[in-house]
Amino acid sequence: MQGQPLTILLIEDNPDHTQLILRSFQDHRVANQVRCVSDGRAALDYLFRRGDYADPKKSPRPHLILLDLRLPRVDGLQVLREIKISDELRRIPVVVLTTSEAESDVARAYEFHANSYLVKPMDFEKFTQLMDELGFYWLGWNHQPWP
Amino acid sequence: MKQTQSRPLDSVLLRLLLLRLFLPLLALTLLAVGLTGYLSERRLESQQRQLARSLAYRVDDYLDQASRVLGAVALTAEMSTPQELDRYMQATHQAYGYFDTFYRLDKSGIVTSLAPPDPRHKGLDMSSRPFFHREQQTTEQNGVTVSQPFISSSTGHLTVHMVHWLAAGGLIVGEFDLGVLQGAITAEQDRAEADLVFITDRAGALLAHPQSALVAQRFNVSHLEIVQRGLTGETTLRYSYDGGWVLGSAATVEQIGWIVVVQAPFSATYTPYVGGASLVLLLSLGIWLALVWNLRRQLRRHIVQPLARLSQGTDALAAGDFAQGKALVDIPTASAEVSALGANFYSMSQAIQARQAALRESEERLRKVVQNMPVMMDALDEDKNIVAWNQECERVTGFSAQEIVGNPQALELLYPDQAYRERMMAEWAERGDDFRGWEWEIACKDGSVKTVAWSNISKHFAIPGWATWAIGVDVTERLRIESEREALIEELEVKNAEMERFVYTVSHDLKSPLITITGFLGFLEQDALAGNVERIKTDVAHITNAATRMQQLLNELLELSRIGRLVNPPQEVSVGELAREAVEMVAGRLAKRDVAVEIAPVLLQPDGPTVCGDRPRLREVLENLVDNAVKFMGDQPHPRIEIGVRRDDDETVFYVRDNGMGIEPRYHDKVFGLFERLDAKAEGTGVGLTIVKRVVDVHGGRVWVESQGDGQGCAFCFTLPNKSELTHEEQ
């Protein structure tokens, strides 16, 4: 475990789910900085540092992106595609975290080079375990693309 | 064609009989006549020669008798006295009439006695007479010499002296009258008609001739060939005499050498035979002609006329008139061959009739099939004229065979578009008569256009007289159904995709609150155990919120499923009225946000625009649009909504326009998606616009968004069919 905090970008339209995820992280002391955006356009603005996020201080490069697929304005898969075609951003691991178990969504996500595809479990225990292991794996074991 | 050159059988036979039979017959007849003539001529010759010979014999007999009488007188003169001699001479003269007179000359030539007694002559010296000189005598018979003939001065008849020399000297002379010969030939000539009989002496001088004047002249006929030949012996010959041909026979009188000639005109010898032959010829010709005529009649009756009837009958048969067949059997003829021929023709005609009937039946069957099969069949000749057009062609196109078959404009009629027709013809020429299911658009009589799939394999199955033939199937209905089916399939695919999206959306959107609920229930348990009241409150609030949202989603899904079908009968509704009602329904929210709503006056006029449809649903459309506009007013200080109508091209477009947040063009389609919300923080579930689109779709209208983007406001536009459009569609 590194000492310095790592940044997670959470792209989630459902505020209740955002709360759930954040609280899971807190409970398991994933001492990281989580940035939240609620729609696809805001996510792209953040990543490409446009509009409200033009100031790099407001939009530090995330070490991990948690991406919901069903987003207002710009669809999650569209966001994924734009990340992965960008020279600047494609190294960032993108973990799809969604309610959809549809095969077409899984297939398309990997087609657009998603690094992982996770379905939000309905069971509370599993949900918190997933969040715990997610943080542990991606932020602990996983080597980051940059320091 | 041959009939004009050939002649009837009887005429042919007649010519044959005339040429081949009559001429030989004629030749044979002439030969027979000639032969008969020749034979009769031989017989005539023989008769004539016989006559001549018998006359010669008679002359000879006369002379012989006379010389015997004279010999008897001489014997008497030798042995008797002159008185006795006188008496004997008188008696002999009276008994035998050969001599005109007798007399005895003594050695000096003095008449010593004579009979009949004539005193003037007694003692007359006759020594100067030629007969007294013995060496001058020409002929000697029984010791008697005969002198040259002379004309007697006492009788005027041709006479000869017959002299018998006495042993005692002296001589007995008898004057023999040749007139007896004249009498003989005259009698003979009378007996054998037309015969000329004459006698000459050895010098050719006439001794007896029918014309006694010639005899008196001592006419010499030695120039005649018959006389010359007669002098050498008995002969018969033909020669010209007095301007005509004659047959003559000559016979020599023995001892004295005179010639008897019997002559008959040649014509006379032939006449009876020629007449007879001509009669025979005519008779045979007549019989022959009668036979020929009869033969011809029989031929006509038994062969020619039956053959002609047979010919008529077979002509009738050839023309298909089998009713005449029976008559062939009853042709009256004696000829077994002809009647057999007739019977054979009849049985042949019956066989043909039976076969034709079978053929016709079979042809009729095929024709019926081809004519009435539920498949179009047509055929074209070399000049692209349609020559066959069956019932199905008539049914499909409405054009009767009468209008099409033989009509040189038929193709123009069926394919009126010249360019299309020429293109088809060119392609046809390229493909040849070997294709299947080639679809052509054919113009029907009622003006409609049908698609016919033609199959043509006439390249492999050529039919004489047809340049090409094809069968066609009207595939118009099939194509229509196919295209309908395709449209239906497409629609179903669209619906199916929509459904998949729907199910996906619903499952995702329903799962979300469930995850929230289960998540916060877990935290609630932890918080309850920890006694963290503050946390418990927020946990419960999250749970309640999610449950409410879920209920709302389910309600709206129910609503959405209900509007998938129209429940109320379509009616004509004023759009202005609907707008007013819709505004009333959301009046509370409008007032809360202080939104000004304006309904275009034209909509509210009594004759304002109307639409046709399910009234409550149509009101829902306007209600949702107004509600949506209020929802996305943003931070507009003077919120305003306008409900209006405009004319775009040919359609009436209704719109609900606001001066709110506006929507970027790239989201224009997305806004109508189920549970789509452009703003995650916006209230509602994202079903409203989906309902709008659904209702408009179901009514057959369109709905779309017009907006320049953020902060520019937006207008939701839609079209709906009015009554006239609906009724038109129903038609």
# chains A, B, ... in the order shown; residues from 1 in each chain; ligands from 1
$ residues_around --residues "A:Arg49" --least-positions-apart "3" --cutoff "12 Å" --atoms "only C-alpha atoms" --output "list in words"
Arg41, Ala42, Ala43, Leu44, Asp45, Tyr46, Asp52, Tyr53, Ala54, Asp55, Pro56, Lys57, Lys58, Ser59, Pro60, Arg61, Glu88 and Leu89 of chain A
$ interface_residues --of "chain A" --to "chain B" --cutoff "9 Å" --atoms "only C-alpha atoms" --output "PyMOL selection string"
chain A and resi 13-17+20+23+38-39+70-74+98-102+120-125+127-128
$ atom_distance --atom1 "atom CA of B:Glu225" --atom2 "atom CA of B:Gly179"
25.6 Å
$ residues_around --residues "stretch 131-135 of chain A" --least-positions-apart "6" --cutoff "8 Å" --atoms "only C-alpha atoms" --output "ChimeraX atom specification"
/A:21,24-25,28,30
$ select_by_dssp --residues "stretch 4-131 of chain A" --states "alpha helix (DSSP H)" --output "ChimeraX atom specification"
/A:15-27,40-47,76-85,103-111,124-131
$ select_by_dssp --residues "stretch 280-396 of chain B" --states "strand (DSSP E or B)" --output "PDB file with N, CA and C atoms, in the first residue's frame"
ATOM      1  N   MET B 376     -50.987 -18.505 -66.941  1.00  0.00           N
ATOM      2  CA  MET B 376     -51.064 -17.774 -68.202  1.00  0.00           C
ATOM      3  C   MET B 376     -50.189 -18.488 -69.234  1.00  0.00           C
ATOM      4  N   MET B 377     -50.683 -18.543 -70.473  1.00  0.00           N
ATOM      5  CA  MET B 377     -49.900 -19.151 -71.544  1.00  0.00           C
ATOM      6  C   MET B 377     -50.091 -18.289 -72.782  1.00  0.00           C
ATOM      7  N   ASP B 378     -49.005 -17.826 -73.330  1.00  0.00           N
ATOM      8  CA  ASP B 378     -49.105 -17.100 -74.582  1.00  0.00           C
ATOM      9  C   ASP B 378     -48.002 -17.565 -75.527  1.00  0.00           C
ATOM     10  N   ALA B 379     -48.196 -17.237 -76.787  1.00  0.00           N
ATOM     11  CA  ALA B 379     -47.217 -17.613 -77.802  1.00  0.00           C
ATOM     12  C   ALA B 379     -47.130 -16.501 -78.829  1.00  0.00           C
ATOM     13  N   LEU B 380     -45.937 -16.330 -79.385  1.00  0.00           N
ATOM     14  CA  LEU B 380     -45.708 -15.275 -80.374  1.00  0.00           C
ATOM     15  C   LEU B 380     -45.218 -15.902 -81.672  1.00  0.00           C
ATOM     16  N   ILE B 386     -48.990 -11.883 -81.093  1.00  0.00           N
ATOM     17  CA  ILE B 386     -49.407 -12.903 -80.142  1.00  0.00           C
ATOM     18  C   ILE B 386     -50.398 -13.823 -80.838  1.00  0.00           C
ATOM     19  N   VAL B 387     -50.114 -15.130 -80.789  1.00  0.00           N
ATOM     20  CA  VAL B 387     -50.973 -16.080 -81.492  1.00  0.00           C
ATOM     21  C   VAL B 387     -51.707 -17.008 -80.531  1.00  0.00           C
ATOM     22  N   ALA B 388     -51.342 -16.967 -79.262  1.00  0.00           N
ATOM     23  CA  ALA B 388     -52.086 -17.775 -78.299  1.00  0.00           C
ATOM     24  C   ALA B 388     -52.252 -16.950 -77.027  1.00  0.00           C
ATOM     25  N   TRP B 389     -53.430 -17.046 -76.431  1.00  0.00           N
ATOM     26  CA  TRP B 389     -53.770 -16.201 -75.268  1.00  0.00           C
ATOM     27  C   TRP B 389     -54.837 -16.948 -74.506  1.00  0.00           C
TER      28      TRP B 389
END
$ residues_around --residues "A:Pro145" --least-positions-apart "3" --cutoff "8 Å" --atoms "only C-alpha atoms" --output "number ranges by chain"
A: 63, 91-92
$ residues_around --residues "B:Cys714" --least-positions-apart "4" --cutoff "8 Å" --atoms "only C-alpha atoms" --output "mmCIF file with C-alpha atoms, in the first residue's frame"
data_model
loop_
_atom_site.group_PDB
_atom_site.id
_atom_site.type_symbol
_atom_site.label_atom_id
_atom_site.label_comp_id
_atom_site.auth_asym_id
_atom_site.auth_seq_id
_atom_site.Cartn_x
_atom_site.Cartn_y
_atom_site.Cartn_z
ATOM 1 C CA ARG B 657 -42.578 25.922 -27.297
ATOM 2 C CA ASP B 658 -40.785 27.117 -24.165
ATOM 3 C CA ASN B 659 -37.937 29.442 -23.387
ATOM 4 C CA GLY B 660 -36.319 27.008 -20.954
ATOM 5 C CA MET B 661 -33.007 25.083 -20.918
ATOM 6 C CA GLY B 662 -33.198 23.790 -24.424
ATOM 7 C CA ILE B 663 -31.694 20.521 -25.634
ATOM 8 C CA VAL B 705 -37.802 18.385 -30.991
ATOM 9 C CA GLU B 706 -36.555 21.692 -32.326
ATOM 10 C CA SER B 707 -33.931 23.433 -30.223
ATOM 11 C CA GLN B 708 -30.749 25.336 -30.763
ATOM 12 C CA GLY B 709 -29.214 23.880 -27.630
#
$ decode --residues "stretch 622-636 of chain B" --atoms "C-alpha atoms" --output "PDB file, in the first residue's frame"
ATOM      1  CA  LEU B 622     -50.355  18.098 -24.635  1.00  0.00           C
ATOM      2  CA  GLU B 623     -50.376  17.664 -20.878  1.00  0.00           C
ATOM      3  CA  ASN B 624     -47.054  15.815 -20.902  1.00  0.00           C
ATOM      4  CA  LEU B 625     -45.478  18.362 -23.242  1.00  0.00           C
ATOM      5  CA  VAL B 626     -46.564  21.305 -21.094  1.00  0.00           C
ATOM      6  CA  ASP B 627     -45.432  19.454 -17.959  1.00  0.00           C
ATOM      7  CA  ASN B 628     -42.094  18.646 -19.574  1.00  0.00           C
ATOM      8  CA  ALA B 629     -41.620  22.292 -20.547  1.00  0.00           C
ATOM      9  CA  VAL B 630     -42.241  23.398 -16.974  1.00  0.00           C
ATOM     10  CA  LYS B 631     -39.832  20.759 -15.681  1.00  0.00           C
ATOM     11  CA  PHE B 632     -36.956  21.945 -17.818  1.00  0.00           C
ATOM     12  CA  MET B 633     -37.459  25.654 -17.507  1.00  0.00           C
ATOM     13  CA  GLY B 634     -34.083  25.910 -15.826  1.00  0.00           C
ATOM     14  CA  ASP B 635     -33.340  29.239 -14.217  1.00  0.00           C
ATOM     15  CA  GLN B 636     -35.366  31.233 -16.787  1.00  0.00           C
TER      16      GLN B 636
END
